[in-house]
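Chemist: Here you go, this is query_27.txt (compact mmCIF, C-alpha atoms).
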```txt
# COMPACT_ATOMS: atom_id res chain seq x y z
CA MET A 1 -16.65 28.68 39.19
CA GLU A 2 -18.35 30.97 36.74
CA ILE A 3 -20.02 29.37 33.75
CA SER A 4 -21.00 31.74 30.93
CA LEU A 5 -22.65 31.46 27.55
CA ARG A 6 -21.80 33.24 24.30
CA THR A 7 -24.70 32.08 22.23
CA ARG A 8 -25.62 35.61 21.13
CA ALA A 9 -22.19 36.19 19.66
CA VAL A 10 -22.14 32.75 18.12
CA ALA A 11 -25.61 33.22 16.65
CA ALA A 12 -24.50 36.43 15.00
CA MET A 13 -21.62 34.63 13.30
CA ALA A 14 -23.31 31.32 12.61
CA GLY A 15 -25.12 32.35 9.44
CA VAL A 16 -21.93 33.41 7.68
CA ALA A 17 -19.97 30.53 9.18
CA ALA A 18 -22.46 27.95 7.94
CA LEU A 19 -22.05 29.11 4.35
CA THR A 20 -18.26 29.05 4.61
CA PHE A 21 -18.11 25.75 6.44
CA ALA A 22 -20.46 23.85 4.16
CA GLY A 23 -18.35 24.76 1.18
CA VAL A 24 -15.00 23.49 2.48
CA ALA A 25 -15.49 20.83 5.12
CA ALA A 26 -17.08 18.06 3.08
CA ALA A 27 -13.88 17.30 1.17
CA GLU A 28 -11.76 17.27 4.36
CA THR A 29 -13.88 15.21 6.74
CA LYS A 30 -12.34 11.78 7.25
CA LEU A 31 -14.13 9.25 9.43
CA PRO A 32 -13.54 5.54 10.09
CA SER A 33 -16.08 3.13 8.63
CA THR A 34 -17.49 2.46 12.11
CA LEU A 35 -17.84 4.70 15.15
CA THR A 36 -19.13 3.59 18.54
CA TRP A 37 -20.39 5.69 21.38
CA THR A 38 -22.48 5.15 24.48
CA ALA A 39 -25.63 7.04 25.40
CA TYR A 40 -28.46 6.98 27.90
CA ASP A 41 -31.01 4.15 27.92
CA THR A 42 -33.21 3.36 24.94
CA GLY A 43 -36.18 5.72 25.19
CA SER A 44 -34.08 8.65 26.40
CA SER A 45 -33.67 11.83 24.37
CA GLY A 46 -29.91 11.33 24.22
CA HIS A 47 -30.27 7.87 22.72
CA ALA A 48 -32.87 9.01 20.19
CA GLN A 49 -30.71 11.94 19.09
CA SER A 50 -27.68 9.67 18.72
CA VAL A 51 -29.69 7.35 16.47
CA ALA A 52 -30.73 10.31 14.32
CA ILE A 53 -27.10 11.44 14.04
CA GLY A 54 -26.09 7.90 13.11
CA LYS A 55 -28.65 7.84 10.33
CA ALA A 56 -27.25 11.10 8.93
CA PHE A 57 -23.66 9.81 9.14
CA LYS A 58 -24.67 6.68 7.25
CA GLU A 59 -26.42 8.61 4.50
CA LYS A 60 -23.67 11.20 3.99
CA TYR A 61 -20.45 9.31 4.76
CA ASP A 62 -21.47 5.61 4.74
CA VAL A 63 -20.28 5.48 8.36
CA ASN A 64 -21.91 3.06 10.78
CA LEU A 65 -22.53 4.64 14.19
CA ARG A 66 -23.12 2.01 16.88
CA ILE A 67 -24.99 3.31 19.94
CA LEU A 68 -24.56 1.36 23.19
CA PRO A 69 -27.16 2.26 25.84
CA GLY A 70 -25.90 2.64 29.40
CA LYS A 71 -28.08 2.70 32.50
CA ASN A 72 -25.94 5.15 34.43
CA ASP A 73 -22.92 7.45 34.29
CA VAL A 74 -20.47 4.72 35.27
CA SER A 75 -21.70 2.25 32.64
CA ARG A 76 -21.63 4.96 29.96
CA LEU A 77 -18.17 6.27 30.78
CA ARG A 78 -16.38 3.01 31.57
CA PRO A 79 -16.12 1.96 27.89
CA LEU A 80 -14.64 5.38 27.11
CA GLN A 81 -12.21 5.15 30.03
CA VAL A 82 -10.84 1.83 28.75
CA GLY A 83 -10.80 2.89 25.10
CA LYS A 84 -13.59 0.67 23.75
CA VAL A 85 -15.71 3.52 22.36
CA GLU A 86 -14.80 6.80 20.72
CA ALA A 87 -17.35 9.00 22.47
CA VAL A 88 -20.19 9.29 24.97
CA ALA A 89 -23.42 11.22 24.42
CA ASN A 90 -23.52 12.07 28.09
CA GLY A 91 -25.06 14.41 30.62
CA VAL A 92 -23.42 16.39 33.40
CA GLY A 93 -21.82 13.14 34.59
CA THR A 94 -18.99 14.26 32.29
CA TYR A 95 -18.32 17.10 34.72
CA PHE A 96 -18.46 14.80 37.75
CA ALA A 97 -16.00 12.39 36.12
CA GLN A 98 -13.60 15.26 35.45
CA GLU A 99 -13.89 16.33 39.08
CA ALA A 100 -13.63 12.76 40.49
CA VAL A 101 -16.73 13.06 42.66
CA PHE A 102 -20.02 11.17 43.05
CA GLY A 103 -18.83 7.66 42.26
CA PHE A 104 -15.80 8.71 40.24
CA ASP A 105 -13.78 9.13 43.44
CA LYS A 106 -13.08 5.41 43.82
CA PRO A 107 -9.62 3.86 43.26
CA ASP A 108 -10.48 2.60 39.77
CA TRP A 109 -11.60 6.02 38.58
CA GLY A 110 -10.11 9.34 39.58
CA PRO A 111 -10.19 12.61 37.59
CA GLN A 112 -10.82 11.77 33.96
CA PRO A 113 -9.02 13.78 31.23
CA LEU A 114 -12.14 14.41 29.19
CA ARG A 115 -12.85 16.79 26.33
CA LEU A 116 -15.97 18.01 24.56
CA LEU A 117 -16.68 17.98 20.84
CA MET A 118 -20.17 19.50 20.79
CA SER A 119 -23.32 19.65 22.88
CA SER A 120 -27.03 20.27 22.52
CA LYS A 121 -28.98 23.05 24.19
CA GLY A 122 -32.37 24.18 23.00
CA SER A 123 -35.84 24.92 24.28
CA ALA A 124 -36.15 21.75 26.36
CA GLY A 125 -35.60 21.76 30.09
CA LEU A 126 -33.80 19.45 32.50
CA MET A 127 -36.34 19.19 35.26
CA VAL A 128 -38.04 16.99 37.82
CA GLY A 129 -41.33 15.74 36.41
CA VAL A 130 -44.13 14.91 38.83
CA ALA A 131 -47.16 12.64 38.53
CA GLU A 132 -50.16 14.95 38.25
CA ASP A 133 -52.32 12.80 40.52
CA THR A 134 -50.08 13.76 43.47
CA GLY A 135 -51.51 17.27 43.44
CA VAL A 136 -48.02 18.80 43.45
CA LYS A 137 -48.04 22.34 42.02
CA GLU A 138 -44.68 23.63 43.28
CA TYR A 139 -41.51 21.76 44.11
CA LYS A 140 -41.97 22.50 47.81
CA ASP A 141 -45.07 20.27 47.60
CA LEU A 142 -42.75 17.27 47.09
CA LYS A 143 -42.26 17.08 50.84
CA GLY A 144 -43.22 13.56 51.92
CA LYS A 145 -43.58 12.35 48.32
CA ARG A 146 -41.67 9.47 46.66
CA VAL A 147 -38.72 10.67 44.54
CA ALA A 148 -36.61 8.51 42.22
CA TRP A 149 -32.94 7.82 42.97
CA VAL A 150 -31.07 6.09 40.12
CA LYS A 151 -28.25 3.81 41.26
CA SER A 152 -24.76 4.76 40.04
CA ALA A 153 -26.17 7.86 38.33
CA PRO A 154 -24.76 10.81 40.30
CA ALA A 155 -25.65 13.28 37.54
CA LEU A 156 -29.35 12.48 37.76
CA ASN A 157 -29.40 12.34 41.56
CA HIS A 158 -27.39 15.52 42.05
CA ASN A 159 -29.78 17.36 39.76
CA VAL A 160 -32.69 16.26 41.92
CA THR A 161 -30.74 17.41 44.97
CA ALA A 162 -30.34 20.85 43.38
CA ILE A 163 -34.02 21.18 42.51
CA LEU A 164 -35.01 20.07 45.99
CA ALA A 165 -32.67 22.79 47.30
CA PHE A 166 -34.56 25.34 45.19
CA ALA A 167 -37.64 24.43 47.23
CA GLY A 168 -35.74 24.46 50.52
CA LEU A 169 -35.89 20.67 50.75
CA THR A 170 -33.37 17.84 51.02
CA TRP A 171 -33.55 14.08 50.48
CA ASP A 172 -34.48 13.79 54.15
CA ASP A 173 -37.75 15.57 53.34
CA VAL A 174 -38.83 13.02 50.71
CA THR A 175 -39.02 9.24 50.37
CA LYS A 176 -36.11 7.98 48.25
CA VAL A 177 -37.06 5.14 45.86
CA GLU A 178 -34.11 3.43 44.16
CA PHE A 179 -34.09 2.25 40.53
CA ALA A 180 -31.46 0.47 38.44
CA GLY A 181 -31.58 2.94 35.54
CA PHE A 182 -33.08 6.11 34.11
CA GLY A 183 -35.73 4.26 32.10
CA ALA A 184 -36.76 2.20 35.11
CA SER A 185 -37.30 5.36 37.16
CA TRP A 186 -39.86 6.61 34.66
CA GLU A 187 -41.52 3.21 34.37
CA GLY A 188 -41.81 3.46 38.12
CA MET A 189 -43.81 6.66 37.69
CA THR A 190 -46.23 4.92 35.33
CA ASN A 191 -46.54 1.95 37.71
CA ASP A 192 -47.18 4.18 40.75
CA GLN A 193 -43.94 3.16 42.47
CA VAL A 194 -42.65 6.72 42.64
CA ASP A 195 -44.08 10.23 42.30
CA ALA A 196 -41.25 12.27 40.76
CA ALA A 197 -38.17 11.71 38.58
CA PHE A 198 -35.59 13.76 36.68
CA ALA A 199 -35.43 13.97 32.87
CA ILE A 200 -35.05 16.25 29.92
CA THR A 201 -38.58 17.38 29.07
CA VAL A 202 -38.42 15.95 25.54
CA SER A 203 -37.43 12.44 26.67
CA GLY A 204 -39.53 9.67 25.15
CA SER A 205 -39.76 8.06 28.59
CA THR A 206 -41.96 10.90 29.80
CA LYS A 207 -44.72 10.16 27.30
CA SER A 208 -45.90 6.97 29.01
CA VAL A 209 -46.44 8.79 32.28
CA ALA A 210 -48.25 11.65 30.55
CA SER A 211 -50.60 9.25 28.76
CA SER A 212 -51.23 7.13 31.86
CA PRO A 213 -54.02 7.77 34.36
CA ARG A 214 -51.45 9.46 36.60
CA GLY A 215 -50.63 12.31 34.19
CA LEU A 216 -47.51 14.48 34.23
CA VAL A 217 -46.67 18.03 35.31
CA TRP A 218 -43.46 20.06 35.44
CA PRO A 219 -43.45 22.55 38.33
CA ALA A 220 -41.69 25.80 37.44
CA LEU A 221 -38.49 27.31 38.80
CA PRO A 222 -39.69 30.94 38.85
CA PHE A 223 -36.94 33.26 37.65
CA ASP A 224 -37.94 35.89 40.23
CA ASP A 225 -37.41 33.49 43.14
CA THR A 226 -33.97 34.88 43.89
CA GLU A 227 -33.38 32.86 47.04
CA GLY A 228 -34.52 29.63 45.41
CA TRP A 229 -32.12 30.12 42.52
CA LYS A 230 -29.32 31.01 44.93
CA ARG A 231 -29.84 27.77 46.85
CA MET A 232 -30.02 25.72 43.66
CA MET A 233 -26.97 27.27 42.01
CA ALA A 234 -24.91 26.65 45.14
CA VAL A 235 -25.48 22.93 44.52
CA ALA A 236 -25.34 22.97 40.69
CA PRO A 237 -23.48 26.02 39.32
CA TYR A 238 -23.64 24.57 35.81
CA TYR A 239 -27.37 25.39 35.60
CA THR A 240 -28.66 28.27 33.48
CA LYS A 241 -32.10 29.85 33.36
CA ASN A 242 -34.08 28.58 30.39
CA THR A 243 -37.63 29.28 29.27
CA VAL A 244 -38.75 25.71 28.63
CA SER A 245 -41.14 25.48 25.68
CA ALA A 246 -40.45 22.00 24.30
CA GLY A 247 -41.41 18.69 25.79
CA THR A 248 -44.16 16.41 27.00
CA ASN A 249 -47.05 18.34 28.59
CA ILE A 250 -45.20 21.66 28.41
CA PRO A 251 -47.66 24.54 27.89
CA LYS A 252 -47.28 26.58 24.69
CA GLU A 253 -46.28 29.68 26.63
CA GLY A 254 -43.49 27.73 28.28
CA ILE A 255 -42.40 27.63 31.91
CA ASP A 256 -39.53 29.11 33.91
CA GLY A 257 -36.99 26.33 34.12
CA GLN A 258 -33.36 25.41 33.72
CA ALA A 259 -31.10 23.58 31.34
CA TYR A 260 -27.48 22.73 30.83
CA PRO A 261 -26.05 21.22 27.66
CA TYR A 262 -27.42 17.71 27.01
CA PRO A 263 -26.41 15.52 25.35
CA ILE A 264 -22.73 16.43 25.66
CA LEU A 265 -20.54 14.61 23.15
CA THR A 266 -17.58 13.61 25.31
CA VAL A 267 -14.26 12.08 24.26
CA ARG A 268 -10.88 11.35 25.83
CA SER A 269 -8.17 13.99 25.70
CA ASP A 270 -5.90 11.58 23.82
CA MET A 271 -8.26 11.25 20.84
CA THR A 272 -6.30 12.37 17.79
CA ASP A 273 -6.88 15.93 16.68
CA GLU A 274 -7.77 14.66 13.20
CA LEU A 275 -10.55 12.37 14.42
CA ALA A 276 -11.92 14.94 16.87
CA GLN A 277 -12.01 17.56 14.15
CA SER A 278 -13.61 15.19 11.64
CA ILE A 279 -16.41 14.12 14.00
CA THR A 280 -17.11 17.75 14.90
CA GLU A 281 -17.14 18.77 11.25
CA ALA A 282 -19.43 15.85 10.43
CA MET A 283 -21.87 16.98 13.13
CA LEU A 284 -21.89 20.48 11.67
CA GLU A 285 -22.22 19.26 8.09
CA THR A 286 -25.10 16.87 8.77
CA TYR A 287 -27.03 19.09 11.19
CA ASP A 288 -29.80 19.81 8.69
CA MET A 289 -30.14 16.06 8.12
CA PHE A 290 -30.66 15.09 11.78
CA LYS A 291 -32.10 18.22 13.46
CA ASP A 292 -35.69 17.01 12.99
CA GLY A 293 -34.88 13.34 13.52
CA ALA A 294 -35.49 13.27 17.29
CA PRO A 295 -36.97 15.53 19.96
CA GLY A 296 -34.38 18.09 21.04
CA ALA A 297 -31.96 17.35 18.17
CA ALA A 298 -32.24 20.94 16.94
CA GLY A 299 -30.27 21.90 20.05
CA TRP A 300 -27.03 20.80 18.29
CA ALA A 301 -27.09 23.93 16.12
CA LEU A 302 -23.83 25.85 15.95
CA ALA A 303 -25.58 28.89 17.44
CA ASN A 304 -26.60 26.82 20.50
CA GLN A 305 -23.11 25.71 21.51
CA THR A 306 -22.02 26.52 25.05
CA PHE A 307 -18.39 27.37 24.36
CA GLU A 308 -17.51 28.46 27.91
CA TRP A 309 -18.84 25.68 30.10
CA ALA A 310 -17.24 23.50 32.80
CA VAL A 311 -15.27 20.94 30.76
CA PRO A 312 -12.70 21.87 28.08
CA TYR A 313 -13.13 21.34 24.35
CA HIS A 314 -10.79 19.07 22.39
CA ASP A 315 -8.18 20.82 20.25
CA GLY A 316 -9.61 19.06 17.18
CA ALA A 317 -13.07 20.44 17.90
CA ILE A 318 -11.57 23.88 18.43
CA ALA A 319 -9.95 23.61 14.99
CA ALA A 320 -13.37 22.89 13.50
CA PHE A 321 -14.93 25.87 15.28
CA LYS A 322 -12.08 28.10 14.14
CA GLY A 323 -12.77 26.91 10.61
CA ALA A 324 -16.41 27.88 11.12
CA GLY A 325 -15.32 31.32 12.31
CA VAL A 326 -16.88 31.15 15.78
CA TRP A 327 -13.97 30.50 18.18
CA THR A 328 -12.66 33.57 20.01
CA ASP A 329 -9.60 34.43 22.09
CA ALA A 330 -11.81 34.67 25.18
CA MET A 331 -13.11 31.16 24.57
CA GLN A 332 -9.54 29.89 24.22
CA ALA A 333 -8.52 31.54 27.48
CA HIS A 334 -11.46 29.95 29.26
CA ASN A 335 -10.61 26.57 27.73
CA ASP A 336 -6.97 26.85 28.79
CA THR A 337 -8.10 27.51 32.37
CA LEU A 338 -10.26 24.38 32.33
CA VAL A 339 -7.36 22.28 31.01
CA ALA A 340 -5.21 23.65 33.83
CA ARG A 341 -7.90 22.71 36.37
CA GLN A 342 -7.91 19.16 35.05
CA LYS A 343 -4.13 18.97 35.44
CA VAL A 344 -4.38 20.10 39.07
CA LEU A 345 -6.93 17.38 39.74
CA ILE A 346 -4.97 14.64 37.96
CA ASP A 347 -1.71 15.62 39.69
CA ALA A 348 -3.47 15.68 43.06
CA TRP A 349 -4.92 12.21 42.42
CA THR A 350 -1.53 10.82 41.42
CA SER A 351 0.06 12.20 44.58
CA TYR A 352 -2.78 11.10 46.85
CA SER A 353 -2.99 7.58 45.44
CA LYS A 354 0.63 6.77 46.33
CA ASP A 355 -0.10 6.47 50.05
CA ALA A 356 -3.90 6.31 50.05
CA PRO A 357 -5.81 4.01 52.45
CA SER A 358 -6.70 0.57 51.09
CA ASP A 359 -10.18 0.75 52.61
CA GLU A 360 -12.49 2.19 49.95
CA ASP A 361 -14.54 4.37 52.28
CA ALA A 362 -11.40 5.83 53.83
CA PHE A 363 -9.94 6.29 50.34
CA VAL A 364 -12.96 8.29 49.18
CA GLU A 365 -13.02 10.41 52.34
CA GLY A 366 -9.32 11.17 52.09
CA TRP A 367 -9.58 12.07 48.41
CA ALA A 368 -12.40 14.52 49.09
CA LYS A 369 -10.12 16.46 51.41
CA ALA A 370 -7.08 16.22 49.12
CA ARG A 371 -9.15 17.37 46.14
CA VAL A 372 -10.48 20.49 47.87
CA ALA A 373 -7.03 21.37 49.22
CA ALA A 374 -5.35 21.01 45.81
CA LEU A 375 -7.94 23.09 43.97
CA GLU A 376 -7.96 25.85 46.55
CA ALA A 377 -4.15 25.96 46.61
CA ALA A 378 -4.20 26.46 42.82
CA GLY A 379 -6.82 29.21 43.06
CA PHE A 380 -9.80 27.18 41.83
CA ASP A 381 -13.24 26.89 43.43
CA PRO A 382 -13.80 23.21 44.38
CA VAL A 383 -17.59 23.74 43.90
CA ILE A 384 -18.36 20.29 45.31
CA ARG A 385 -16.91 19.77 48.77
```
So, in terms of structure tokens, how does the structure I just supplied come out?
Modeler:
Amino acid sequence: MEISLRTRAVAAMAGVAALTFAGVAAAETKLPSTLTWTAYDTGSSGHAQSVAIGKAFKEKYDVNLRILPGKNDVSRLRPLQVGKVEAVANGVGTYFAQEAVFGFDKPDWGPQPLRLLMSSKGSAGLMVGVAEDTGVKEYKDLKGKRVAWVKSAPALNHNVTAILAFAGLTWDDVTKVEFAGFGASWEGMTNDQVDAAFAITVSGSTKSVASSPRGLVWPALPFDDTEGWKRMMAVAPYYTKNTVSAGTNIPKEGIDGQAYPYPILTVRSDMTDELAQSITEAMLETYDMFKDGAPGAAGWALANQTFEWAVPYHDGAIAAFKGAGVWTDAMQAHNDTLVARQKVLIDAWTSYSKDAPSDEDAFVEGWAKARVAALEAAGFDPVIR
């Protein structure tokens, strides 16, 4: 699967689009009096950014945005799956839920018909932070060290797997320390229960470690390490090279790192086009009101959108981007392909589930094979096997 960015083209159009959009969208945006979405734990960047967005929505539209913190991908996405929230400010767990892997392959889940409204991508990185007192300088130095594993959080854990792969390591080369949630994993760093954990570099949870006697460092992912990047991208093809210059204990000159869109504002495919368009327009309209309200919030800028990623955009969001003058035919073609991939997955799940084993382990194992076979038969790369 090839994941590309068009931020240069978008940036070129964004200045004109912003003037056009600001003049017409305000009168058309219609939101309910209350919106609810889930996000990462309190203290995370995603939660803080959601709060800032909620403040802007309240000031401009008198809309109350309720933010429900979730410890892991399952607890964040379950309320969306059952229709109790409108959206999730999520991470790459959105991709895993679409693919029905890493915890979403159980009988009560399956491929989720998800759509994107917007996402954030700026100068922060999505990296493994390490306690400075360990003496770790490069990720290969993590061998034998304690690394956080967050229960029911495949997005976080798979990202660590990918970064370990960059260094030629696996989980067998480190000591896995389990935590109930993202916040707990970083508290564990402060309390000397673990030596390394994954986070966005601007997360509030990283500050406690940095200010503790342990200290905090972010080893680099050197762009010229071709083999390291090859190993890492084989595990996480949604990564992109990113010069990381924002975050706790990040040097002014920045470091070679990686990032993918986060937070990713995720909704169900059956959200009405009107609501999806209105939320997207509201995000664009209020950007100047919330961009400085939380670390990393500037990443929601129109010019920073990743329009050709791994999960399709909602038709309502596409309408908003067309109104802003930034949606292209190539983007639509890419989006149509992603929608088709989702259909292959959902059809394969429906067929497999009819005669699937009742034993959960056997169910998951059988689905893994059925998933790969269906995607390959349709001409898609399974990516995760």
Chemist: So, counting all atoms listed in the file, which residue among A:Phe179, A:Phe223, A:Tyr287, A:Tyr95 is closest to A:Trp309?
Modeler: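 Checking each candidate against A:Trp309, we get A:Tyr95 as the closest.
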Chemist: Show me, as a PyMOL selection string, the residues that have an atom within 9 Å of stretch 227-243 of chain A when counting all atoms listed in the file, minus same-chain residues fewer than 3 positions from it.
Modeler: chain A and resi 1-4+92+122-125+158-159+161-168+221-224+254-260+309-310+383-384
Chemist: Give me the stretch 94-186 of chain A side of the contact with stretch 327-341 of chain A, cut-off 10 Å, one line per residue showing its nearest atom pair and distance in Å at one decimal, counting only C-alpha atoms, sorted by chain and residue number, as CSV.
Modeler:
```
residue,atom,partner,partner_atom,distance
A:Gln98,CA,A:Arg341,CA,9.4
A:Glu99,CA,A:Arg341,CA,9.2
A:Pro113,CA,A:Val339,CA,8.7
A:Leu114,CA,A:Val339,CA,9.4
A:Arg115,CA,A:Val339,CA,9.1
```
Chemist: Which residue out of A:Pro213, A:Gly46, A:Gly129, A:Pro263 has the minimum interatomic distance to A:Val194 when all atoms listed in the file are used?
Modeler: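 That would be A:Gly129, the residue with the smallest distance to A:Val194.
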Chemist: Would you pick out the contacts of A:Ala319 at 10 Å or less, using only C-alpha atoms, so that residues sharing its chain but fewer than 2 positions from it are not included, and give the list as a list in words?
Modeler: Asp273, Glu274, Ala276, Gln277, Ser278, Thr280, Glu281, His314, Asp315, Gly316, Ala317, Phe321, Lys322, Gly323, Ala324, Gly325 and Trp327 of chain A
